[in-house]
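Source file: target.cif (mmCIF, C-alpha atoms)
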```cif
data_my_file
#
loop_
_atom_site.group_PDB
_atom_site.id
_atom_site.type_symbol
_atom_site.label_atom_id
_atom_site.label_comp_id
_atom_site.auth_asym_id
_atom_site.auth_seq_id
_atom_site.Cartn_x
_atom_site.Cartn_y
_atom_site.Cartn_z
ATOM 1 C CA MET L 18 13.579 -10.453 -5.139
ATOM 2 C CA ARG L 19 13.259 -6.756 -6.069
ATOM 3 C CA ILE L 20 10.835 -4.378 -4.389
ATOM 4 C CA LEU L 21 9.708 -1.096 -5.927
ATOM 5 C CA VAL L 22 8.713 1.672 -3.519
ATOM 6 C CA LEU L 23 6.813 4.661 -4.881
ATOM 7 C CA VAL L 24 8.087 7.750 -3.084
ATOM 8 C CA ASP L 25 6.314 11.093 -3.504
ATOM 9 C CA GLY L 26 7.790 12.647 -0.375
ATOM 10 C CA SER L 27 4.630 12.207 1.682
ATOM 11 C CA LYS L 28 4.559 10.653 5.144
ATOM 12 C CA TRP L 29 2.828 7.589 3.712
ATOM 13 C CA SER L 30 5.384 6.995 1.015
ATOM 14 C CA GLN L 31 8.066 7.072 3.711
ATOM 15 C CA LYS L 32 6.079 4.521 5.713
ATOM 16 C CA ALA L 33 5.820 2.449 2.540
ATOM 17 C CA ALA L 34 9.603 2.416 2.343
ATOM 18 C CA LEU L 35 9.797 1.200 5.952
ATOM 19 C CA HIS L 36 7.493 -1.718 5.127
ATOM 20 C CA ALA L 37 9.554 -2.540 2.053
ATOM 21 C CA PHE L 38 12.648 -2.569 4.279
ATOM 22 C CA SER L 39 10.848 -4.988 6.588
ATOM 23 C CA VAL L 40 10.361 -7.495 3.750
ATOM 24 C CA ALA L 41 13.788 -6.839 2.234
ATOM 25 C CA ARG L 42 15.663 -7.285 5.506
ATOM 26 C CA LYS L 43 14.444 -10.849 5.857
ATOM 27 C CA LYS L 44 14.570 -11.801 2.180
ATOM 28 C CA GLY L 45 17.830 -10.077 1.286
ATOM 29 C CA ALA L 46 15.815 -8.307 -1.404
ATOM 30 C CA LYS L 47 16.824 -5.230 -3.344
ATOM 31 C CA VAL L 48 14.706 -2.134 -2.734
ATOM 32 C CA VAL L 49 14.364 0.553 -5.396
ATOM 33 C CA LEU L 50 12.995 3.928 -4.228
ATOM 34 C CA PHE L 51 11.227 5.392 -7.227
ATOM 35 C CA SER L 52 10.009 8.922 -7.644
ATOM 36 C CA VAL L 53 8.384 10.857 -10.461
ATOM 37 C CA LEU L 54 8.721 14.621 -10.725
ATOM 38 C CA ASP L 55 6.112 16.331 -12.847
ATOM 39 C CA ARG L 56 7.044 19.698 -14.328
ATOM 40 C CA LYS L 57 3.340 20.606 -14.404
ATOM 41 C CA GLU L 58 3.339 20.677 -10.614
ATOM 42 C CA ALA L 59 6.064 23.363 -10.665
ATOM 43 C CA GLN L 60 4.108 25.288 -13.289
ATOM 44 C CA ALA L 61 0.987 25.184 -11.116
ATOM 45 C CA ILE L 62 2.936 26.544 -8.149
ATOM 46 C CA ALA L 63 4.428 29.254 -10.375
ATOM 47 C CA VAL L 64 1.017 30.366 -11.602
ATOM 48 C CA SER L 65 -0.257 30.540 -8.052
ATOM 49 C CA LEU L 66 2.764 32.599 -6.936
ATOM 50 C CA ALA L 67 2.508 34.938 -9.944
ATOM 51 C CA MET L 68 -1.189 35.527 -9.304
ATOM 52 C CA ARG L 69 -0.534 36.318 -5.671
ATOM 53 C CA SER L 70 2.389 38.644 -6.353
ATOM 54 C CA GLY L 71 0.661 40.170 -9.351
ATOM 55 C CA ASP L 72 3.883 39.772 -11.314
ATOM 56 C CA VAL L 73 3.256 37.568 -14.338
ATOM 57 C CA GLU L 74 6.654 38.518 -15.762
ATOM 58 C CA LYS L 75 8.264 36.379 -13.097
ATOM 59 C CA LEU L 76 6.307 33.225 -14.038
ATOM 60 C CA LYS L 77 9.331 31.461 -15.502
ATOM 61 C CA LYS L 78 11.488 32.408 -12.548
ATOM 62 C CA PHE L 79 8.862 31.131 -10.101
ATOM 63 C CA GLU L 80 8.604 27.895 -12.067
ATOM 64 C CA GLU L 81 12.363 27.338 -11.945
ATOM 65 C CA THR L 82 12.428 28.023 -8.204
ATOM 66 C CA ALA L 83 9.525 25.642 -7.576
ATOM 67 C CA TRP L 84 11.123 22.991 -9.776
ATOM 68 C CA LYS L 85 14.434 23.316 -7.942
ATOM 69 C CA GLU L 86 12.650 23.020 -4.585
ATOM 70 C CA MET L 87 10.696 19.955 -5.734
ATOM 71 C CA LYS L 88 13.903 18.245 -6.796
ATOM 72 C CA LYS L 89 15.643 19.160 -3.579
ATOM 73 C CA GLY L 90 12.669 18.016 -1.492
ATOM 74 C CA ILE L 91 12.494 14.575 -3.051
ATOM 75 C CA HIS L 92 16.284 14.167 -2.897
ATOM 76 C CA ASP L 93 16.142 14.979 0.819
ATOM 77 C CA VAL L 94 13.450 12.391 1.473
ATOM 78 C CA ILE L 95 15.173 9.722 -0.598
ATOM 79 C CA SER L 96 18.618 10.326 0.844
ATOM 80 C CA ALA L 97 17.220 10.035 4.373
ATOM 81 C CA LEU L 98 15.501 6.757 3.480
ATOM 82 C CA LEU L 99 18.653 5.451 1.790
ATOM 83 C CA GLU L 100 20.619 6.310 4.893
ATOM 84 C CA LEU L 101 18.171 4.409 7.094
ATOM 85 C CA GLY L 102 18.119 1.455 4.691
ATOM 86 C CA GLN L 103 21.873 1.248 4.527
ATOM 87 C CA ARG L 104 22.102 1.440 8.309
ATOM 88 C CA GLU L 105 19.806 -1.601 8.448
ATOM 89 C CA GLY L 106 21.949 -3.465 5.921
ATOM 90 C CA ILE L 107 19.379 -3.272 3.129
ATOM 91 C CA ASN L 108 20.415 -3.286 -0.512
ATOM 92 C CA CYS L 109 18.784 -0.044 -1.521
ATOM 93 C CA SER L 110 18.957 2.247 -4.537
ATOM 94 C CA PHE L 111 16.879 5.052 -6.031
ATOM 95 C CA ARG L 112 15.594 6.351 -9.333
ATOM 96 C CA ILE L 113 14.070 9.765 -9.955
ATOM 97 C CA VAL L 114 12.448 10.384 -13.321
ATOM 98 C CA GLU L 115 10.590 13.295 -14.884
ATOM 99 C CA GLY L 116 7.169 12.932 -16.420
ATOM 100 C CA THR L 117 3.580 12.071 -15.591
ATOM 101 C CA ALA L 118 3.289 10.004 -12.412
ATOM 102 C CA ARG L 119 0.755 7.488 -13.734
ATOM 103 C CA GLU L 120 2.642 6.795 -16.943
ATOM 104 C CA LYS L 121 6.092 6.508 -15.370
ATOM 105 C CA VAL L 122 4.912 4.426 -12.413
ATOM 106 C CA LEU L 123 3.153 1.900 -14.650
ATOM 107 C CA GLU L 124 6.155 1.738 -16.952
ATOM 108 C CA GLU L 125 8.505 0.953 -14.063
ATOM 109 C CA ALA L 126 6.189 -1.292 -12.022
ATOM 110 C CA ASN L 127 5.280 -3.415 -15.050
ATOM 111 C CA SER L 128 8.833 -3.678 -16.367
ATOM 112 C CA GLY L 129 9.015 -7.256 -15.107
ATOM 113 C CA LYS L 130 11.834 -6.464 -12.684
ATOM 114 C CA TYR L 131 9.766 -6.402 -9.483
ATOM 115 C CA SER L 132 8.014 -8.981 -7.296
ATOM 116 C CA LEU L 133 6.307 -6.394 -5.107
ATOM 117 C CA VAL L 134 5.323 -2.737 -5.371
ATOM 118 C CA VAL L 135 4.862 -0.781 -2.138
ATOM 119 C CA MET L 136 3.053 2.544 -1.956
ATOM 120 C CA GLY L 137 1.338 4.815 0.545
ATOM 121 C CA ALA L 138 -2.438 4.939 0.790
ATOM 122 C CA TYR L 139 -2.418 8.729 0.678
ATOM 123 C CA GLY L 140 -0.499 11.386 -1.164
ATOM 124 C CA LYS L 141 0.971 14.740 -0.280
ATOM 125 C CA SER L 142 -2.434 16.257 0.404
ATOM 126 C CA GLY L 143 -2.682 14.205 3.571
ATOM 127 C CA LYS L 144 -5.065 11.698 5.081
ATOM 128 C CA THR L 145 -8.266 12.817 3.460
ATOM 129 C CA ARG L 146 -9.102 10.067 1.027
ATOM 130 C CA ILE L 147 -7.277 7.306 -0.825
ATOM 131 C CA GLY L 148 -4.562 8.874 -2.975
ATOM 132 C CA SER L 149 -5.550 9.655 -6.543
ATOM 133 C CA LEU L 150 -2.405 8.014 -7.930
ATOM 134 C CA LEU L 151 -3.247 4.844 -6.013
ATOM 135 C CA GLU L 152 -6.758 4.783 -7.452
ATOM 136 C CA ASP L 153 -5.327 5.424 -10.855
ATOM 137 C CA VAL L 154 -2.647 2.732 -10.969
ATOM 138 C CA VAL L 155 -3.464 -0.031 -8.509
ATOM 139 C CA GLY L 156 -5.625 -1.970 -10.953
ATOM 140 C CA GLU L 157 -3.016 -1.776 -13.669
ATOM 141 C CA ILE L 158 0.126 -2.700 -11.780
ATOM 142 C CA LYS L 159 0.883 -6.341 -12.543
ATOM 143 C CA PRO L 160 2.921 -7.385 -9.471
ATOM 144 C CA PRO L 161 1.211 -7.499 -6.055
ATOM 145 C CA VAL L 162 0.855 -4.054 -4.466
ATOM 146 C CA MET L 163 1.292 -3.376 -0.771
ATOM 147 C CA ILE L 164 -0.698 -0.320 0.331
ATOM 148 C CA VAL L 165 0.571 1.262 3.517
ATOM 149 C CA ARG L 166 -1.139 3.693 5.869
ATOM 150 C CA MET E 1 20.980 18.690 3.363
ATOM 151 C CA GLY E 2 17.864 20.721 3.920
ATOM 152 C CA TRP E 3 15.271 21.025 6.654
ATOM 153 C CA LEU E 4 13.221 18.149 5.258
ATOM 154 C CA HIS E 5 16.191 15.834 5.565
ATOM 155 C CA ASP E 6 16.670 16.955 9.163
ATOM 156 C CA ILE E 7 13.020 16.293 9.903
ATOM 157 C CA ILE E 8 13.239 12.804 8.482
ATOM 158 C CA LEU E 9 16.402 12.196 10.438
ATOM 159 C CA ARG E 10 14.373 12.967 13.581
ATOM 160 C CA LYS E 11 15.865 16.388 14.244
ATOM 161 C CA PHE E 12 12.423 17.901 13.965
ATOM 162 C CA ASN E 13 12.428 18.406 17.703
ATOM 163 C CA ASN E 14 15.538 20.608 17.439
ATOM 164 C CA ILE E 15 14.093 22.666 14.612
ATOM 165 C CA ALA E 16 10.638 23.171 16.084
ATOM 166 C CA GLY E 17 11.870 23.804 19.627
ATOM 167 C CA THR E 18 9.082 24.609 22.072
ATOM 168 C CA ARG E 19 6.483 24.490 19.289
ATOM 169 C CA TYR E 20 7.202 20.794 18.593
ATOM 170 C CA GLU E 21 3.969 19.430 20.113
ATOM 171 C CA GLU E 22 1.831 22.171 18.604
ATOM 172 C CA ILE E 23 3.262 21.730 15.090
ATOM 173 C CA LEU E 24 3.109 17.970 15.302
ATOM 174 C CA LYS E 25 -0.553 18.099 16.287
ATOM 175 C CA ALA E 26 -1.494 20.454 13.483
ATOM 176 C CA TYR E 27 0.589 18.737 10.811
ATOM 177 C CA GLN E 28 0.402 15.109 11.918
ATOM 178 C CA ASN E 29 -0.781 14.097 8.461
ATOM 179 C CA PHE E 30 2.551 15.175 7.019
ATOM 180 C CA PHE E 31 5.280 14.440 9.552
ATOM 181 C CA LEU E 32 6.515 11.019 10.516
ATOM 182 C CA THR E 33 6.860 10.887 14.278
ATOM 183 C CA GLU E 34 9.744 9.300 16.102
ATOM 184 C CA GLU E 35 7.573 6.266 16.868
ATOM 185 C CA GLU E 36 6.600 5.890 13.231
ATOM 186 C CA LEU E 37 10.150 5.889 11.883
ATOM 187 C CA VAL E 38 10.722 2.262 12.759
ATOM 188 C CA ILE E 39 10.956 -0.687 10.421
ATOM 189 C CA PRO E 40 7.748 -2.543 11.293
ATOM 190 C CA GLU E 41 7.550 -6.117 12.485
ATOM 191 C CA ILE E 42 4.828 -8.255 10.947
ATOM 192 C CA ASN E 43 3.776 -10.940 13.404
ATOM 193 C CA SER E 44 0.297 -11.824 12.199
ATOM 194 C CA ILE E 45 -1.145 -12.005 8.707
ATOM 195 C CA LEU E 46 -4.721 -12.330 7.501
ATOM 196 C CA LEU E 47 -5.228 -13.969 4.118
ATOM 197 C CA VAL E 48 -8.790 -13.548 2.861
ATOM 198 C CA PHE E 49 -10.607 -15.315 0.035
ATOM 199 C CA ASP E 50 -14.030 -15.660 -1.467
ATOM 200 C CA ARG E 51 -15.422 -17.256 -4.600
ATOM 201 C CA PHE E 52 -14.153 -14.393 -6.815
ATOM 202 C CA SER E 53 -10.596 -14.441 -5.442
ATOM 203 C CA GLU E 54 -7.747 -15.454 -7.666
ATOM 204 C CA LYS E 55 -5.163 -18.022 -6.649
ATOM 205 C CA VAL E 56 -2.246 -16.628 -4.676
ATOM 206 C CA PRO E 57 0.585 -15.828 -7.102
ATOM 207 C CA GLU E 58 4.197 -16.829 -6.601
ATOM 208 C CA GLU E 59 5.233 -13.245 -5.775
ATOM 209 C CA VAL E 60 2.871 -13.169 -2.786
ATOM 210 C CA HIS E 61 4.259 -16.472 -1.518
ATOM 211 C CA GLU E 62 7.716 -14.950 -1.858
ATOM 212 C CA THR E 63 6.611 -11.923 0.170
ATOM 213 C CA LEU E 64 4.910 -14.081 2.808
ATOM 214 C CA SER E 65 8.061 -16.149 3.194
ATOM 215 C CA ALA E 66 9.746 -12.996 4.541
ATOM 216 C CA PHE E 67 7.542 -13.270 7.629
ATOM 217 C CA GLU E 68 8.718 -16.628 8.840
ATOM 218 C CA GLY E 69 7.530 -17.091 12.395
ATOM 219 C CA ALA E 70 4.427 -14.968 11.890
ATOM 220 C CA THR E 71 1.004 -16.501 12.411
ATOM 221 C CA LEU E 72 -1.129 -16.717 9.317
ATOM 222 C CA ARG E 73 -4.905 -16.863 9.420
ATOM 223 C CA VAL E 74 -6.603 -18.041 6.227
ATOM 224 C CA VAL E 75 -10.265 -17.086 5.994
ATOM 225 C CA TYR E 76 -12.742 -17.868 3.240
ATOM 226 C CA VAL E 77 -15.812 -15.630 3.442
ATOM 227 C CA ILE E 78 -19.233 -16.683 2.162
ATOM 228 C CA ASP E 79 -21.672 -13.828 1.642
ATOM 229 C CA GLU E 80 -24.388 -14.112 4.254
ATOM 230 C CA GLY E 81 -26.507 -11.508 2.462
ATOM 231 C CA VAL E 82 -26.737 -13.674 -0.655
ATOM 232 C CA LEU E 83 -27.718 -16.693 1.460
ATOM 233 C CA LYS E 84 -30.409 -14.627 3.150
ATOM 234 C CA MET E 85 -31.719 -13.381 -0.174
ATOM 235 C CA ILE E 86 -31.930 -16.930 -1.574
ATOM 236 C CA ARG E 87 -33.670 -18.102 1.589
ATOM 237 C CA GLU E 88 -36.249 -15.322 1.353
ATOM 238 C CA THR E 89 -36.915 -15.657 -2.368
ATOM 239 C CA LEU E 90 -36.333 -19.325 -3.228
ATOM 240 C CA GLY E 91 -36.771 -20.952 0.154
ATOM 241 C CA GLU E 92 -34.721 -22.799 2.738
ATOM 242 C CA GLU E 93 -33.900 -25.743 0.499
ATOM 243 C CA ALA E 94 -32.343 -23.594 -2.255
ATOM 244 C CA ALA E 95 -30.370 -21.649 0.348
ATOM 245 C CA GLU E 96 -29.046 -24.881 1.845
ATOM 246 C CA GLU E 97 -28.016 -26.114 -1.586
ATOM 247 C CA PHE E 98 -26.181 -22.836 -2.265
ATOM 248 C CA ARG E 99 -24.476 -23.050 1.115
ATOM 249 C CA LYS E 100 -23.311 -26.622 0.484
ATOM 250 C CA LYS E 101 -21.971 -25.755 -2.969
ATOM 251 C CA ASP E 102 -20.093 -22.732 -1.679
ATOM 252 C CA MET E 103 -18.704 -24.730 1.249
ATOM 253 C CA ALA E 104 -17.483 -27.455 -1.136
ATOM 254 C CA PHE E 105 -15.883 -24.821 -3.387
ATOM 255 C CA ALA E 106 -14.275 -23.163 -0.362
ATOM 256 C CA LYS E 107 -12.810 -26.439 0.897
ATOM 257 C CA THR E 108 -11.289 -27.287 -2.491
ATOM 258 C CA PHE E 109 -9.929 -23.743 -2.865
ATOM 259 C CA LEU E 110 -8.435 -23.716 0.621
ATOM 260 C CA LYS E 111 -6.863 -27.122 0.138
ATOM 261 C CA GLU E 112 -4.826 -25.762 -2.762
ATOM 262 C CA VAL E 113 -3.896 -22.659 -0.769
ATOM 263 C CA GLU E 114 -2.782 -24.794 2.154
ATOM 264 C CA GLU E 115 -0.614 -27.020 -0.004
ATOM 265 C CA LYS E 116 1.289 -23.967 -1.241
ATOM 266 C CA LEU E 117 1.593 -22.481 2.240
ATOM 267 C CA GLY E 118 2.823 -25.811 3.563
ATOM 268 C CA ASP E 119 5.759 -25.561 1.157
ATOM 269 C CA LEU E 120 6.661 -22.194 2.669
ATOM 270 C CA ASN E 121 6.946 -23.556 6.165
ATOM 271 C CA ILE E 122 4.562 -20.963 7.615
ATOM 272 C CA LYS E 123 2.226 -21.906 10.440
ATOM 273 C CA PHE E 124 -1.367 -21.184 9.591
ATOM 274 C CA SER E 125 -4.925 -21.816 10.649
ATOM 275 C CA ARG E 126 -8.047 -21.626 8.532
ATOM 276 C CA LYS E 127 -11.701 -20.810 8.773
ATOM 277 C CA ILE E 128 -14.747 -20.674 6.531
ATOM 278 C CA ALA E 129 -16.908 -17.781 7.705
ATOM 279 C CA PHE E 130 -20.312 -16.326 6.867
ATOM 280 C CA GLY E 131 -20.789 -12.591 6.872
ATOM 281 C CA ASP E 132 -20.768 -9.321 4.987
ATOM 282 C CA LYS E 133 -17.627 -9.487 2.842
ATOM 283 C CA ALA E 134 -16.403 -5.988 3.616
ATOM 284 C CA GLU E 135 -17.517 -5.656 7.240
ATOM 285 C CA TYR E 136 -16.202 -9.085 8.181
ATOM 286 C CA VAL E 137 -12.697 -8.305 6.918
ATOM 287 C CA GLU E 138 -12.729 -4.791 8.393
ATOM 288 C CA GLY E 139 -13.645 -6.184 11.799
ATOM 289 C CA LEU E 140 -11.098 -8.986 11.693
ATOM 290 C CA ALA E 141 -8.274 -6.851 10.302
ATOM 291 C CA ARG E 142 -7.793 -5.023 13.619
ATOM 292 C CA LYS E 143 -6.196 -8.149 15.073
ATOM 293 C CA TYR E 144 -3.593 -8.527 12.311
ATOM 294 C CA ASP E 145 -0.471 -6.678 11.155
ATOM 295 C CA LEU E 146 -0.922 -7.352 7.451
ATOM 296 C CA ILE E 147 -3.883 -8.185 5.213
ATOM 297 C CA VAL E 148 -3.509 -10.062 1.931
ATOM 298 C CA ILE E 149 -6.403 -10.005 -0.493
ATOM 299 C CA SER E 150 -7.173 -10.581 -4.176
ATOM 300 C CA ARG E 151 -8.047 -7.531 -6.287
ATOM 301 C CA HIS E 152 -11.163 -9.479 -7.291
ATOM 302 C CA TYR E 153 -12.381 -10.199 -3.758
ATOM 303 C CA GLY E 154 -16.073 -9.425 -3.377
ATOM 304 C CA SER E 155 -17.123 -9.050 -6.974
ATOM 305 C CA GLU E 156 -16.283 -9.703 -10.572
ATOM 306 C CA THR E 157 -13.945 -7.111 -12.029
ATOM 307 C CA THR E 158 -14.217 -5.637 -15.478
ATOM 308 C CA ARG E 159 -11.734 -4.229 -17.970
ATOM 309 C CA THR E 160 -12.480 -0.729 -16.768
ATOM 310 C CA HIS E 161 -12.595 -1.585 -13.032
ATOM 311 C CA ARG E 162 -9.751 -3.942 -12.243
ATOM 312 C CA VAL E 163 -10.104 -3.693 -8.487
ATOM 313 C CA SER E 164 -13.404 -4.653 -6.906
ATOM 314 C CA PRO E 165 -15.245 -1.860 -5.052
ATOM 315 C CA ILE E 166 -15.301 -4.050 -1.936
ATOM 316 C CA VAL E 167 -11.502 -4.200 -1.981
ATOM 317 C CA PHE E 168 -11.339 -0.401 -2.330
ATOM 318 C CA ARG E 169 -13.678 -0.076 0.635
ATOM 319 C CA ILE E 170 -11.500 -2.406 2.707
ATOM 320 C CA VAL E 171 -8.329 -0.492 1.768
ATOM 321 C CA GLN E 172 -10.072 2.740 2.731
ATOM 322 C CA HIS E 173 -11.328 1.490 6.106
ATOM 323 C CA VAL E 174 -8.625 -0.860 7.354
ATOM 324 C CA ASP E 175 -5.812 0.799 9.239
ATOM 325 C CA LYS E 176 -3.236 -1.876 8.349
ATOM 326 C CA PRO E 177 -1.051 -2.477 5.299
ATOM 327 C CA VAL E 178 -2.887 -4.418 2.617
ATOM 328 C CA VAL E 179 -1.292 -6.514 -0.109
ATOM 329 C CA LEU E 180 -3.434 -6.685 -3.240
ATOM 330 C CA TYR E 181 -2.684 -9.329 -5.844
#
```
Kindly present the structure from the file in structure tokens form.
Amino acid sequence: MRILVLVDGSKWSQKAALHAFSVARKKGAKVVLFSVLDRKEAQAIAVSLAMRSGDVEKLKKFEETAWKEMKKGIHDVISALLELGQREGINCSFRIVEGTAREKVLEEANSGKYSLVVMGAYGKSGKTRIGSLLEDVVGEIKPPVMIVR
Amino acid sequence: MGWLHDIILRKFNNIAGTRYEEILKAYQNFFLTEEELVIPEINSILLVFDRFSEKVPEEVHETLSAFEGATLRVVYVIDEGVLKMIRETLGEEAAEEFRKKDMAFAKTFLKEVEEKLGDLNIKFSRKIAFGDKAEYVEGLARKYDLIVISRHYGSETTRTHRVSPIVFRIVQHVDKPVVLY
């Protein structure tokens, strides 16, 4: 059994990983922590920073800084989850890809490798409403999806 | 490793110092607390069906088998609102006929479900209930650690809407993990 966990760094994606560990621990399943980094997110941050500082010349620099921070942030979250998983004796690995979240998530989830996909109910914007990615992909993911809150 | 890693490794208290409680309160939507960073135990599972639900796929059985020892409640929900509407428009006899047909369908459906669950060696109990399909599940879900439900529960799905709006409502309102199949 292989379980795919969608990790975006949010609290709920971390809780999703904990639930995946719960299933994996008893089934001896393999857990894959999967994350998508979207360059557009870094560009959006860069634009916001450039507008605030009034220095459009630094747009590219801001984008690179934001991109570096995004990568570091997700690596931090994933390495902490891997550490916890390994401590619990769970067969756990990770995959970070670049691209559009919807496209990459559907590609991975529907690759035929997974019996279960686990994701958080909310995204990085917090507990306001059901996450937009969830709404976007849950009907199109072929394996069963566990939604965690 | 950075500050985020430290937070996840429960060193948030060290970083935040005396402002720990204050920060946690303001940013509780973003930080996992000490209590939350625990691999959860699933001791009770609610498996819900109705006439639109699909059969439970093999992958869900595989997942359920991870919770050996948990109690499993199988509930088939018949829409009370539809019964009421038939009673008011077509009369008591038509409503009774609808009820009997739905009950017969439910029994056949549940028999198949039970046969599969029996193979998994999971203890379960079952019930056929009448009620509002969303409210009934939302009310019942509080007593369980995990909810399992078909994406089609509550209404037909279409090519553009592959998850029924009732299922979305349940996911939005229920404070427990939900497995959609």
Report task. For chain L, report every residue with an atom at most 7 Å from chain E (counting only C-alpha atoms), formatted as a PyMOL selection string. Result -> chain L and resi 27-28+35-36+38-40+43-44+90+93-94+97+132-133+143-144+147+156+160-166
Requested in this report: For Thr117 of chain L, work out the shell of residues within 12 Å, counting all atoms listed in the file and skipping chain neighbours fewer than 6 positions away, then give it as a list in words.
Outcome: Ser52, Val53, Leu54, Asp55, Arg56, Lys57, Glu58, Leu123, Glu124 and Leu150 of chain L
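Nearest to Ala129 of chain E of all the residues E:Met103, E:Leu117, E:Ile86, E:Val77 is E:Val77, counting all atoms listed in the file.
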Dump as a JSON list (two decimals) with C-alpha atoms, in the coordinates of the input all residues having an atom at most 9 Å from (-17.3, -8.9, -8.8), computed in the file's coordinates with all atoms listed in the file.
```
[["chain", "number", "residue", "atom", "x", "y", "z"],
["E", 52, "PHE", "CA", -14.15, -14.39, -6.82],
["E", 152, "HIS", "CA", -11.16, -9.48, -7.29],
["E", 153, "TYR", "CA", -12.38, -10.20, -3.76],
["E", 154, "GLY", "CA", -16.07, -9.43, -3.38],
["E", 155, "SER", "CA", -17.12, -9.05, -6.97],
["E", 156, "GLU", "CA", -16.28, -9.70, -10.57],
["E", 157, "THR", "CA", -13.94, -7.11, -12.03],
["E", 158, "THR", "CA", -14.22, -5.64, -15.48],
["E", 163, "VAL", "CA", -10.10, -3.69, -8.49],
["E", 164, "SER", "CA", -13.40, -4.65, -6.91],
["E", 165, "PRO", "CA", -15.24, -1.86, -5.05],
["E", 166, "ILE", "CA", -15.30, -4.05, -1.94]]
```
With 6 Å added on each side, what axis-aligned box encloses every listed atom of segment 38-56 of chain L? Give the centre and edge lengths in Å to one decimal, as lines of an AutoDock Vina configuration file.
```
center_x = 12.0
center_y = 3.9
center_z = -3.9
size_x = 23.7
size_y = 43.5
size_z = 32.9
```
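Across the model, the gap from atom CA of Ala83 of chain L to atom CA of Leu151 of chain L is 24.5 Å.
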**Report entry** Contacts of Met18 of chain L within 8 Å, all atoms listed in the file, excl. fewer than 2 positions in-chain, as a ChimeraX atom specification
**Finding:** /L:20,44-47,131-132
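Residues matched by the PyMOL selection byres ((chain E and resi 110) around 9) in this file are Phe49, Val74, Val75, Tyr76, Phe105, Ala106, Lys107, Thr108, Phe109, Lys111, Glu112, Val113, Glu114, Glu115 and Arg126 of chain E.
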Requested in this report: Might you spell out which residues the PyMOL selection byres ((chain L and resi 77) around 12) would select in the displayed file, as a ChimeraX atom specification?
Outcome: /L:59-64,66-67,72-76,78-84
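Taking atom CA of Val48 of chain L as the reference point, atom CA of Ser110 of chain L is found at 6.4 Å.
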Should you be able to, write segment 141-155 of chain E of this structure into a file that contains N, CA and C atoms, as a CSV table (one decimal), in the first residue's frame.
```csv
chain,number,residue,atom,x,y,z
E,141,ALA,N,-21.6,12.3,13.3
E,141,ALA,CA,-20.1,12.3,13.1
E,141,ALA,C,-19.4,12.7,14.4
E,142,ARG,N,-20.0,13.5,15.2
E,142,ARG,CA,-19.3,13.9,16.5
E,142,ARG,C,-18.9,12.7,17.3
E,143,LYS,N,-19.6,11.6,17.2
E,143,LYS,CA,-19.3,10.4,18.0
E,143,LYS,C,-18.2,9.6,17.4
E,144,TYR,N,-17.7,9.9,16.2
E,144,TYR,CA,-16.8,9.0,15.5
E,144,TYR,C,-15.4,9.7,15.2
E,145,ASP,N,-14.4,8.9,15.1
E,145,ASP,CA,-13.0,9.4,14.8
E,145,ASP,C,-12.8,9.6,13.3
E,146,LEU,N,-13.5,8.9,12.5
E,146,LEU,CA,-13.3,8.9,11.0
E,146,LEU,C,-14.7,8.7,10.3
E,147,ILE,N,-14.9,9.4,9.2
E,147,ILE,CA,-16.1,9.3,8.5
E,147,ILE,C,-15.7,8.8,7.1
E,148,VAL,N,-16.4,7.8,6.6
E,148,VAL,CA,-16.2,7.3,5.2
E,148,VAL,C,-17.5,7.5,4.4
E,149,ILE,N,-17.3,8.1,3.2
E,149,ILE,CA,-18.5,8.4,2.5
E,149,ILE,C,-18.2,8.5,1.0
E,150,SER,N,-19.2,8.1,0.2
E,150,SER,CA,-19.1,8.1,-1.3
E,150,SER,C,-19.1,9.6,-1.8
E,151,ARG,N,-18.4,9.9,-2.8
E,151,ARG,CA,-18.4,11.2,-3.4
E,151,ARG,C,-19.8,11.5,-3.9
E,152,HIS,N,-20.6,10.5,-4.2
E,152,HIS,CA,-21.9,10.6,-4.8
E,152,HIS,C,-23.1,10.7,-3.7
E,153,TYR,N,-22.7,10.6,-2.5
E,153,TYR,CA,-23.7,10.6,-1.4
E,153,TYR,C,-24.6,11.8,-1.5
E,154,GLY,N,-25.9,11.6,-1.5
E,154,GLY,CA,-26.8,12.7,-1.4
E,154,GLY,C,-27.4,13.2,-2.7
E,155,SER,N,-26.7,13.0,-3.8
E,155,SER,CA,-27.2,13.4,-5.1
E,155,SER,C,-26.4,12.9,-6.2
```
